[in-house]
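Q: Handing over data-v5.pdb, PDB, N, CA and C atoms.
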ATOM      1  N   MET A  41       9.319 -15.652 179.589
ATOM      2  CA  MET A  41       8.789 -16.450 178.509
ATOM      3  C   MET A  41       7.284 -16.463 178.625
ATOM      4  N   SER A  42       6.627 -16.272 177.533
ATOM      5  CA  SER A  42       5.183 -16.392 177.550
ATOM      6  C   SER A  42       4.787 -17.658 176.802
ATOM      7  N   LEU A  43       3.941 -18.444 177.423
ATOM      8  CA  LEU A  43       3.446 -19.646 176.771
ATOM      9  C   LEU A  43       2.207 -19.289 175.974
ATOM     10  N   ARG A  44       2.113 -19.820 174.789
ATOM     11  CA  ARG A  44       0.941 -19.590 173.968
ATOM     12  C   ARG A  44      -0.136 -20.583 174.372
ATOM     13  N   ASP A  45      -1.371 -20.179 174.234
ATOM     14  CA  ASP A  45      -2.492 -21.038 174.580
ATOM     15  C   ASP A  45      -2.942 -21.833 173.354
ATOM     16  N   THR A  46      -1.986 -22.491 172.675
ATOM     17  CA  THR A  46      -2.309 -23.227 171.454
ATOM     18  C   THR A  46      -2.251 -24.733 171.667
ATOM     19  N   GLY A  47      -1.605 -25.157 172.742
ATOM     20  CA  GLY A  47      -1.418 -26.586 172.959
ATOM     21  C   GLY A  47      -0.321 -27.175 172.088
ATOM     22  N   ARG A  48       0.336 -26.333 171.309
ATOM     23  CA  ARG A  48       1.402 -26.818 170.435
ATOM     24  C   ARG A  48       2.673 -27.045 171.251
ATOM     25  N   ARG A  49       3.545 -27.906 170.747
ATOM     26  CA  ARG A  49       4.786 -28.260 171.434
ATOM     27  C   ARG A  49       5.971 -27.960 170.526
ATOM     28  N   LEU A  50       7.096 -27.570 171.140
ATOM     29  CA  LEU A  50       8.345 -27.305 170.425
ATOM     30  C   LEU A  50       9.271 -28.501 170.498
ATOM     31  N   ARG A  51      10.036 -28.673 169.453
ATOM     32  CA  ARG A  51      11.111 -29.660 169.410
ATOM     33  C   ARG A  51      12.263 -29.007 168.671
ATOM     34  N   LEU A  52      13.487 -29.292 169.082
ATOM     35  CA  LEU A  52      14.671 -28.780 168.389
ATOM     36  C   LEU A  52      15.381 -29.929 167.703
ATOM     37  N   ARG A  53      15.820 -29.664 166.479
ATOM     38  CA  ARG A  53      16.586 -30.663 165.733
ATOM     39  C   ARG A  53      17.851 -30.001 165.202
ATOM     40  N   ARG A  54      18.976 -30.659 165.451
ATOM     41  CA  ARG A  54      20.251 -30.141 164.948
ATOM     42  C   ARG A  54      20.181 -30.091 163.422
ATOM     43  N   THR A  55      20.703 -29.017 162.860
ATOM     44  CA  THR A  55      20.687 -28.879 161.414
ATOM     45  C   THR A  55      22.025 -28.343 160.924
ATOM     46  N   GLY A  56      22.442 -28.803 159.795
ATOM     47  CA  GLY A  56      23.659 -28.308 159.163
ATOM     48  C   GLY A  56      23.347 -27.293 158.082
ATOM     49  N   HIS A  57      22.048 -27.062 157.850
ATOM     50  CA  HIS A  57      21.603 -26.150 156.802
ATOM     51  C   HIS A  57      20.666 -25.111 157.400
ATOM     52  N   VAL A  58      20.996 -23.851 157.214
ATOM     53  CA  VAL A  58      20.135 -22.763 157.683
ATOM     54  C   VAL A  58      19.456 -22.163 156.450
ATOM     55  N   PRO A  59      18.131 -22.331 156.344
ATOM     56  CA  PRO A  59      17.430 -21.761 155.187
ATOM     57  C   PRO A  59      17.642 -20.250 155.103
ATOM     58  N   ALA A  60      17.738 -19.739 153.892
ATOM     59  CA  ALA A  60      17.998 -18.309 153.693
ATOM     60  C   ALA A  60      16.912 -17.434 154.307
ATOM     61  N   ASP A  61      15.689 -17.939 154.371
ATOM     62  CA  ASP A  61      14.586 -17.127 154.892
ATOM     63  C   ASP A  61      14.293 -17.386 156.369
ATOM     64  N   ALA A  62      15.123 -18.189 157.035
ATOM     65  CA  ALA A  62      14.893 -18.506 158.453
ATOM     66  C   ALA A  62      15.307 -17.342 159.344
ATOM     67  N   ARG A  63      14.569 -17.140 160.408
ATOM     68  CA  ARG A  63      14.962 -16.175 161.430
ATOM     69  C   ARG A  63      15.939 -16.897 162.351
ATOM     70  N   VAL A  64      17.156 -16.388 162.459
ATOM     71  CA  VAL A  64      18.184 -17.004 163.305
ATOM     72  C   VAL A  64      18.228 -16.252 164.623
ATOM     73  N   ARG A  65      18.066 -17.001 165.707
ATOM     74  CA  ARG A  65      18.111 -16.444 167.055
ATOM     75  C   ARG A  65      19.360 -16.981 167.743
ATOM     76  N   HIS A  66      20.132 -16.118 168.335
ATOM     77  CA  HIS A  66      21.310 -16.548 169.080
ATOM     78  C   HIS A  66      20.909 -16.828 170.524
ATOM     79  N   TYR A  67      21.496 -17.875 171.077
ATOM     80  CA  TYR A  67      21.158 -18.318 172.425
ATOM     81  C   TYR A  67      21.179 -17.182 173.428
ATOM     82  N   ASP A  68      22.199 -16.343 173.376
ATOM     83  CA  ASP A  68      22.325 -15.268 174.366
ATOM     84  C   ASP A  68      21.289 -14.154 174.184
ATOM     85  N   GLU A  69      20.553 -14.151 173.087
ATOM     86  CA  GLU A  69      19.475 -13.182 172.870
ATOM     87  C   GLU A  69      18.155 -13.637 173.490
ATOM     88  N   LEU A  70      18.061 -14.906 173.841
ATOM     89  CA  LEU A  70      16.830 -15.457 174.398
ATOM     90  C   LEU A  70      16.722 -15.123 175.876
ATOM     91  N   ASP A  71      15.494 -15.067 176.383
ATOM     92  CA  ASP A  71      15.349 -14.830 177.822
ATOM     93  C   ASP A  71      15.730 -16.101 178.589
ATOM     94  N   ASP A  72      15.831 -15.996 179.896
ATOM     95  CA  ASP A  72      16.323 -17.110 180.725
ATOM     96  C   ASP A  72      15.490 -18.377 180.556
ATOM     97  N   ASP A  73      14.170 -18.235 180.516
ATOM     98  CA  ASP A  73      13.301 -19.412 180.378
ATOM     99  C   ASP A  73      13.492 -20.081 179.024
ATOM    100  N   GLU A  74      13.605 -19.282 177.969
ATOM    101  CA  GLU A  74      13.816 -19.848 176.642
ATOM    102  C   GLU A  74      15.191 -20.501 176.535
ATOM    103  N   GLN A  75      16.204 -19.918 177.179
ATOM    104  CA  GLN A  75      17.522 -20.552 177.200
ATOM    105  C   GLN A  75      17.430 -21.919 177.871
ATOM    106  N   GLY A  76      16.666 -22.018 178.945
ATOM    107  CA  GLY A  76      16.473 -23.295 179.624
ATOM    108  C   GLY A  76      15.823 -24.324 178.720
ATOM    109  N   ILE A  77      14.840 -23.905 177.939
ATOM    110  CA  ILE A  77      14.181 -24.824 177.005
ATOM    111  C   ILE A  77      15.173 -25.293 175.950
ATOM    112  N   VAL A  78      15.977 -24.381 175.421
ATOM    113  CA  VAL A  78      16.962 -24.760 174.405
ATOM    114  C   VAL A  78      17.959 -25.757 174.995
ATOM    115  N   ARG A  79      18.465 -25.499 176.190
ATOM    116  CA  ARG A  79      19.409 -26.441 176.824
ATOM    117  C   ARG A  79      18.761 -27.807 177.004
ATOM    118  N   GLU A  80      17.501 -27.829 177.422
ATOM    119  CA  GLU A  80      16.796 -29.082 177.672
ATOM    120  C   GLU A  80      16.515 -29.860 176.387
ATOM    121  N   LEU A  81      16.158 -29.152 175.323
ATOM    122  CA  LEU A  81      15.725 -29.826 174.098
ATOM    123  C   LEU A  81      16.843 -30.116 173.106
ATOM    124  N   ALA A  82      17.972 -29.440 173.217
ATOM    125  CA  ALA A  82      19.063 -29.663 172.268
ATOM    126  C   ALA A  82      19.502 -31.123 172.327
ATOM    127  N   ASP A  83      19.424 -31.788 171.192
ATOM    128  CA  ASP A  83      19.826 -33.197 171.069
ATOM    129  C   ASP A  83      19.023 -34.151 171.939
ATOM    130  N   ALA A  84      17.817 -33.789 172.279
ATOM    131  CA  ALA A  84      16.964 -34.661 173.097
ATOM    132  C   ALA A  84      15.662 -34.935 172.354
ATOM    133  N   PRO A  85      15.044 -36.077 172.601
ATOM    134  CA  PRO A  85      13.800 -36.417 171.904
ATOM    135  C   PRO A  85      12.557 -35.838 172.571
ATOM    136  N   TRP A  86      12.719 -34.859 173.453
ATOM    137  CA  TRP A  86      11.598 -34.323 174.216
ATOM    138  C   TRP A  86      10.993 -33.119 173.527
ATOM    139  N   THR A  87       9.851 -32.686 174.027
ATOM    140  CA  THR A  87       9.206 -31.464 173.570
ATOM    141  C   THR A  87       8.929 -30.574 174.775
ATOM    142  N   ALA A  88       8.609 -29.316 174.496
ATOM    143  CA  ALA A  88       8.259 -28.346 175.531
ATOM    144  C   ALA A  88       7.115 -27.495 174.995
ATOM    145  N   PRO A  89       6.353 -26.854 175.886
ATOM    146  CA  PRO A  89       5.275 -25.973 175.403
ATOM    147  C   PRO A  89       5.823 -24.877 174.492
ATOM    148  N   GLU A  90       5.047 -24.521 173.498
ATOM    149  CA  GLU A  90       5.420 -23.453 172.581
ATOM    150  C   GLU A  90       5.598 -22.145 173.357
ATOM    151  N   THR A  91       6.612 -21.378 173.002
ATOM    152  CA  THR A  91       6.872 -20.106 173.682
ATOM    153  C   THR A  91       6.376 -18.957 172.825
ATOM    154  N   GLY A  92       6.386 -17.783 173.394
ATOM    155  CA  GLY A  92       5.927 -16.602 172.682
ATOM    156  C   GLY A  92       6.928 -16.063 171.691
ATOM    157  N   ASP A  93       8.168 -16.537 171.707
ATOM    158  CA  ASP A  93       9.186 -15.917 170.864
ATOM    159  C   ASP A  93       9.921 -16.878 169.934
ATOM    160  N   LEU A  94       9.714 -18.158 170.059
ATOM    161  CA  LEU A  94      10.323 -19.124 169.139
ATOM    162  C   LEU A  94       9.223 -19.714 168.276
ATOM    163  N   ASP A  95       9.384 -19.595 166.964
ATOM    164  CA  ASP A  95       8.358 -20.054 166.030
ATOM    165  C   ASP A  95       8.870 -21.195 165.170
ATOM    166  N   ASP A  96       7.933 -21.954 164.643
ATOM    167  CA  ASP A  96       8.256 -23.040 163.725
ATOM    168  C   ASP A  96       9.098 -22.489 162.576
ATOM    169  N   GLY A  97      10.222 -23.138 162.318
ATOM    170  CA  GLY A  97      11.106 -22.715 161.237
ATOM    171  C   GLY A  97      12.231 -21.797 161.677
ATOM    172  N   ASP A  98      12.166 -21.253 162.894
ATOM    173  CA  ASP A  98      13.285 -20.458 163.406
ATOM    174  C   ASP A  98      14.495 -21.367 163.596
ATOM    175  N   VAL A  99      15.662 -20.772 163.607
ATOM    176  CA  VAL A  99      16.898 -21.507 163.879
ATOM    177  C   VAL A  99      17.553 -20.841 165.086
ATOM    178  N   VAL A 100      17.977 -21.666 166.048
ATOM    179  CA  VAL A 100      18.668 -21.161 167.233
ATOM    180  C   VAL A 100      20.127 -21.580 167.147
ATOM    181  N   LYS A 101      21.026 -20.604 167.287
ATOM    182  CA  LYS A 101      22.470 -20.878 167.340
ATOM    183  C   LYS A 101      22.833 -21.097 168.800
ATOM    184  N   PHE A 102      23.122 -22.344 169.143
ATOM    185  CA  PHE A 102      23.493 -22.714 170.517
ATOM    186  C   PHE A 102      24.876 -23.332 170.416
ATOM    187  N   THR A 103      25.056 -24.590 170.710
ATOM    188  CA  THR A 103      26.343 -25.261 170.497
ATOM    189  C   THR A 103      26.501 -25.632 169.030
ATOM    190  N   ASP A 104      25.388 -25.726 168.327
ATOM    191  CA  ASP A 104      25.268 -25.930 166.889
ATOM    192  C   ASP A 104      24.048 -25.129 166.466
ATOM    193  N   TYR A 105      23.640 -25.308 165.238
ATOM    194  CA  TYR A 105      22.389 -24.704 164.790
ATOM    195  C   TYR A 105      21.264 -25.704 165.009
ATOM    196  N   TYR A 106      20.146 -25.232 165.567
ATOM    197  CA  TYR A 106      18.998 -26.074 165.856
ATOM    198  C   TYR A 106      17.754 -25.485 165.220
ATOM    199  N   LEU A 107      17.064 -26.301 164.437
ATOM    200  CA  LEU A 107      15.828 -25.906 163.792
ATOM    201  C   LEU A 107      14.672 -26.110 164.763
ATOM    202  N   VAL A 108      13.844 -25.087 164.922
ATOM    203  CA  VAL A 108      12.682 -25.161 165.808
ATOM    204  C   VAL A 108      11.513 -25.726 165.008
ATOM    205  N   ARG A 109      10.919 -26.788 165.544
ATOM    206  CA  ARG A 109       9.706 -27.374 164.956
ATOM    207  C   ARG A 109       8.600 -27.245 165.985
ATOM    208  N   SER A 110       7.435 -26.860 165.539
ATOM    209  CA  SER A 110       6.288 -26.698 166.430
ATOM    210  C   SER A 110       5.116 -27.470 165.864
ATOM    211  N   ARG A 111       4.503 -28.302 166.714
ATOM    212  CA  ARG A 111       3.349 -29.106 166.294
ATOM    213  C   ARG A 111       2.305 -29.108 167.377
TER     214      ARG A 111
END
Represent the supplied structure as C-alpha cells.

A:
Amino acid sequence: MSLRDTGRRLRLRRTGHVPADARVRHYDELDDDEQGIVRELADAPWTAPETGDLDDGDVVKFTDYYLVRSR
C-alpha cells in the first residue's frame, strides 16, 4: 500500500446503492495492507490515511458494498 502525501483520510460507509459510474473493487483484489484497512473501517466510525489505490467514490465489495469517502 502506498500512502499519499495529501493528509486526506479514508472512511467507509455501507451502501445499498452502487452508482453506475463507480469503480467497484473486490476485497480479494486489494493488497494485504488495503484489506486490513477495509476490515478495520467497515462499519466503524474511524478513518485511515488515504491509500494509493482507493479513491473517493470507489465501492469495495467486502461483506457488503462499502462506499469510499476521502476528505

Q: Any idea what the distance is between CA of Ala82 in chain A and atom C of Leu107 in chain A?

A: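 A separation of 9.4 Å between them.
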
Q: From the set A:Glu74, A:Asp98, A:Asp104, A:Glu90, which residue has the shortest atom-to-atom contact distance to Leu50 in chain A, counting all atoms listed in the file?

A: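 So, comparing all the options, the nearest one is A:Glu90.
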
Q: Between atom N of Arg49 in chain A and atom C of Ser110 in chain A, measure the distance and give it in Å to one decimal.

A: 5.1 Å

Q: Evaluate the PyMOL selection byres ((chain A and resi 51-53) around 6.5) and record the selected residues as a list in words, following the chain and residue labels used in the document.

A: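 Checked against the file, the PyMOL selection byres ((chain A and resi 51-53) around 6.5) matches Arg49, Leu50, Arg54, Thr55, Leu81, Ala82, Asp83, Ala84, Trp86, Thr87, Ala88, Tyr105, Tyr106, Leu107, Val108, Arg109, Ser110 and Arg111 of chain A.
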
Q: For CA of Pro89 in chain A and CA of Ala60 in chain A, quote the distance in Å rounded to one decimal.

A: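 A separation of 26.3 Å between them.
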
Q: Run DSSP on the backbone and tell me which residues of chain A come out as helix (DSSP H, G or I); list them as a PyMOL selection string.

A: chain A and resi 67-69+72-81

Q: Step by step: locate chain A in the block above, keep C-alpha atoms, then write the file as a PDB file, in the first residue's frame.

A:
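Generated file (selection_20.pdb):
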ATOM      1  CA  MET A  41       0.000   0.000   0.000  1.00  0.00           C
ATOM      2  CA  SER A  42       1.291   3.413  -0.786  1.00  0.00           C
ATOM      3  CA  LEU A  43       0.162   6.324   1.327  1.00  0.00           C
ATOM      4  CA  ARG A  44      -0.437   9.574  -0.465  1.00  0.00           C
ATOM      5  CA  ASP A  45       1.166  12.712   0.893  1.00  0.00           C
ATOM      6  CA  THR A  46      -2.149  14.611   0.880  1.00  0.00           C
ATOM      7  CA  GLY A  47      -3.132  14.400   4.531  1.00  0.00           C
ATOM      8  CA  ARG A  48      -6.531  13.152   3.407  1.00  0.00           C
ATOM      9  CA  ARG A  49      -8.318  10.390   5.331  1.00  0.00           C
ATOM     10  CA  LEU A  50     -10.496   7.481   4.151  1.00  0.00           C
ATOM     11  CA  ARG A  51     -13.791   6.389   5.625  1.00  0.00           C
ATOM     12  CA  LEU A  52     -16.014   3.510   4.500  1.00  0.00           C
ATOM     13  CA  ARG A  53     -19.787   3.651   4.598  1.00  0.00           C
ATOM     14  CA  ARG A  54     -22.067   0.711   3.906  1.00  0.00           C
ATOM     15  CA  THR A  55     -24.200   1.370   0.859  1.00  0.00           C
ATOM     16  CA  GLY A  56     -27.116  -0.397  -0.755  1.00  0.00           C
ATOM     17  CA  HIS A  57     -26.668   1.565  -3.981  1.00  0.00           C
ATOM     18  CA  VAL A  58     -23.685   1.262  -6.307  1.00  0.00           C
ATOM     19  CA  PRO A  59     -23.520   4.226  -8.702  1.00  0.00           C
ATOM     20  CA  ALA A  60     -23.271   3.171 -12.349  1.00  0.00           C
ATOM     21  CA  ASP A  61     -20.044   5.137 -12.794  1.00  0.00           C
ATOM     22  CA  ALA A  62     -18.346   3.881  -9.598  1.00  0.00           C
ATOM     23  CA  ARG A  63     -15.204   1.782  -9.774  1.00  0.00           C
ATOM     24  CA  VAL A  64     -16.003  -1.418  -7.851  1.00  0.00           C
ATOM     25  CA  ARG A  65     -13.065  -3.105  -6.145  1.00  0.00           C
ATOM     26  CA  HIS A  66     -13.408  -6.600  -4.728  1.00  0.00           C
ATOM     27  CA  TYR A  67     -11.797  -7.245  -1.362  1.00  0.00           C
ATOM     28  CA  ASP A  68      -9.640 -10.087  -2.666  1.00  0.00           C
ATOM     29  CA  GLU A  69      -8.191  -7.791  -5.374  1.00  0.00           C
ATOM     30  CA  LEU A  70      -6.752  -5.409  -2.774  1.00  0.00           C
ATOM     31  CA  ASP A  71      -3.256  -5.798  -1.383  1.00  0.00           C
ATOM     32  CA  ASP A  72      -2.798  -7.030   2.201  1.00  0.00           C
ATOM     33  CA  ASP A  73      -2.488  -3.546   3.723  1.00  0.00           C
ATOM     34  CA  GLU A  74      -5.596  -2.281   1.946  1.00  0.00           C
ATOM     35  CA  GLN A  75      -7.522  -5.388   3.031  1.00  0.00           C
ATOM     36  CA  GLY A  76      -6.528  -4.559   6.613  1.00  0.00           C
ATOM     37  CA  ILE A  77      -7.850  -1.016   6.228  1.00  0.00           C
ATOM     38  CA  VAL A  78     -11.144  -2.301   4.816  1.00  0.00           C
ATOM     39  CA  ARG A  79     -11.540  -4.781   7.708  1.00  0.00           C
ATOM     40  CA  GLU A  80     -10.766  -2.018  10.217  1.00  0.00           C
ATOM     41  CA  LEU A  81     -13.051   0.621   8.703  1.00  0.00           C
ATOM     42  CA  ALA A  82     -16.057  -1.487   7.684  1.00  0.00           C
ATOM     43  CA  ASP A  83     -18.954  -0.409   9.910  1.00  0.00           C
ATOM     44  CA  ALA A  84     -16.669   1.667  12.128  1.00  0.00           C
ATOM     45  CA  PRO A  85     -16.625   5.433  12.708  1.00  0.00           C
ATOM     46  CA  TRP A  86     -12.841   5.603  12.225  1.00  0.00           C
ATOM     47  CA  THR A  87     -10.680   6.895   9.401  1.00  0.00           C
ATOM     48  CA  ALA A  88      -7.342   5.799   7.945  1.00  0.00           C
ATOM     49  CA  PRO A  89      -4.724   7.543   5.785  1.00  0.00           C
ATOM     50  CA  GLU A  90      -5.616   7.717   2.109  1.00  0.00           C
ATOM     51  CA  THR A  91      -4.066   4.879   0.092  1.00  0.00           C
ATOM     52  CA  GLY A  92      -2.632   4.875  -3.388  1.00  0.00           C
ATOM     53  CA  ASP A  93      -5.343   2.648  -4.831  1.00  0.00           C
ATOM     54  CA  LEU A  94      -8.659   3.516  -3.156  1.00  0.00           C
ATOM     55  CA  ASP A  95     -10.223   6.779  -4.294  1.00  0.00           C
ATOM     56  CA  ASP A  96     -13.178   8.855  -3.197  1.00  0.00           C
ATOM     57  CA  GLY A  97     -16.309   7.373  -4.754  1.00  0.00           C
ATOM     58  CA  ASP A  98     -14.905   3.859  -5.229  1.00  0.00           C
ATOM     59  CA  VAL A  99     -17.002   0.986  -3.917  1.00  0.00           C
ATOM     60  CA  VAL A 100     -15.433  -2.013  -2.171  1.00  0.00           C
ATOM     61  CA  LYS A 101     -17.269  -5.356  -2.146  1.00  0.00           C
ATOM     62  CA  PHE A 102     -16.438  -6.897   1.237  1.00  0.00           C
ATOM     63  CA  THR A 103     -19.168  -8.406   3.446  1.00  0.00           C
ATOM     64  CA  ASP A 104     -21.440  -5.774   1.853  1.00  0.00           C
ATOM     65  CA  TYR A 105     -20.799  -2.907  -0.505  1.00  0.00           C
ATOM     66  CA  TYR A 106     -18.863  -0.019   1.053  1.00  0.00           C
ATOM     67  CA  LEU A 107     -18.534   3.445  -0.438  1.00  0.00           C
ATOM     68  CA  VAL A 108     -15.078   5.001  -0.041  1.00  0.00           C
ATOM     69  CA  ARG A 109     -15.107   8.625   1.119  1.00  0.00           C
ATOM     70  CA  SER A 110     -11.918  10.657   1.245  1.00  0.00           C
ATOM     71  CA  ARG A 111     -11.554  14.021   2.978  1.00  0.00           C
TER      72      ARG A 111
END
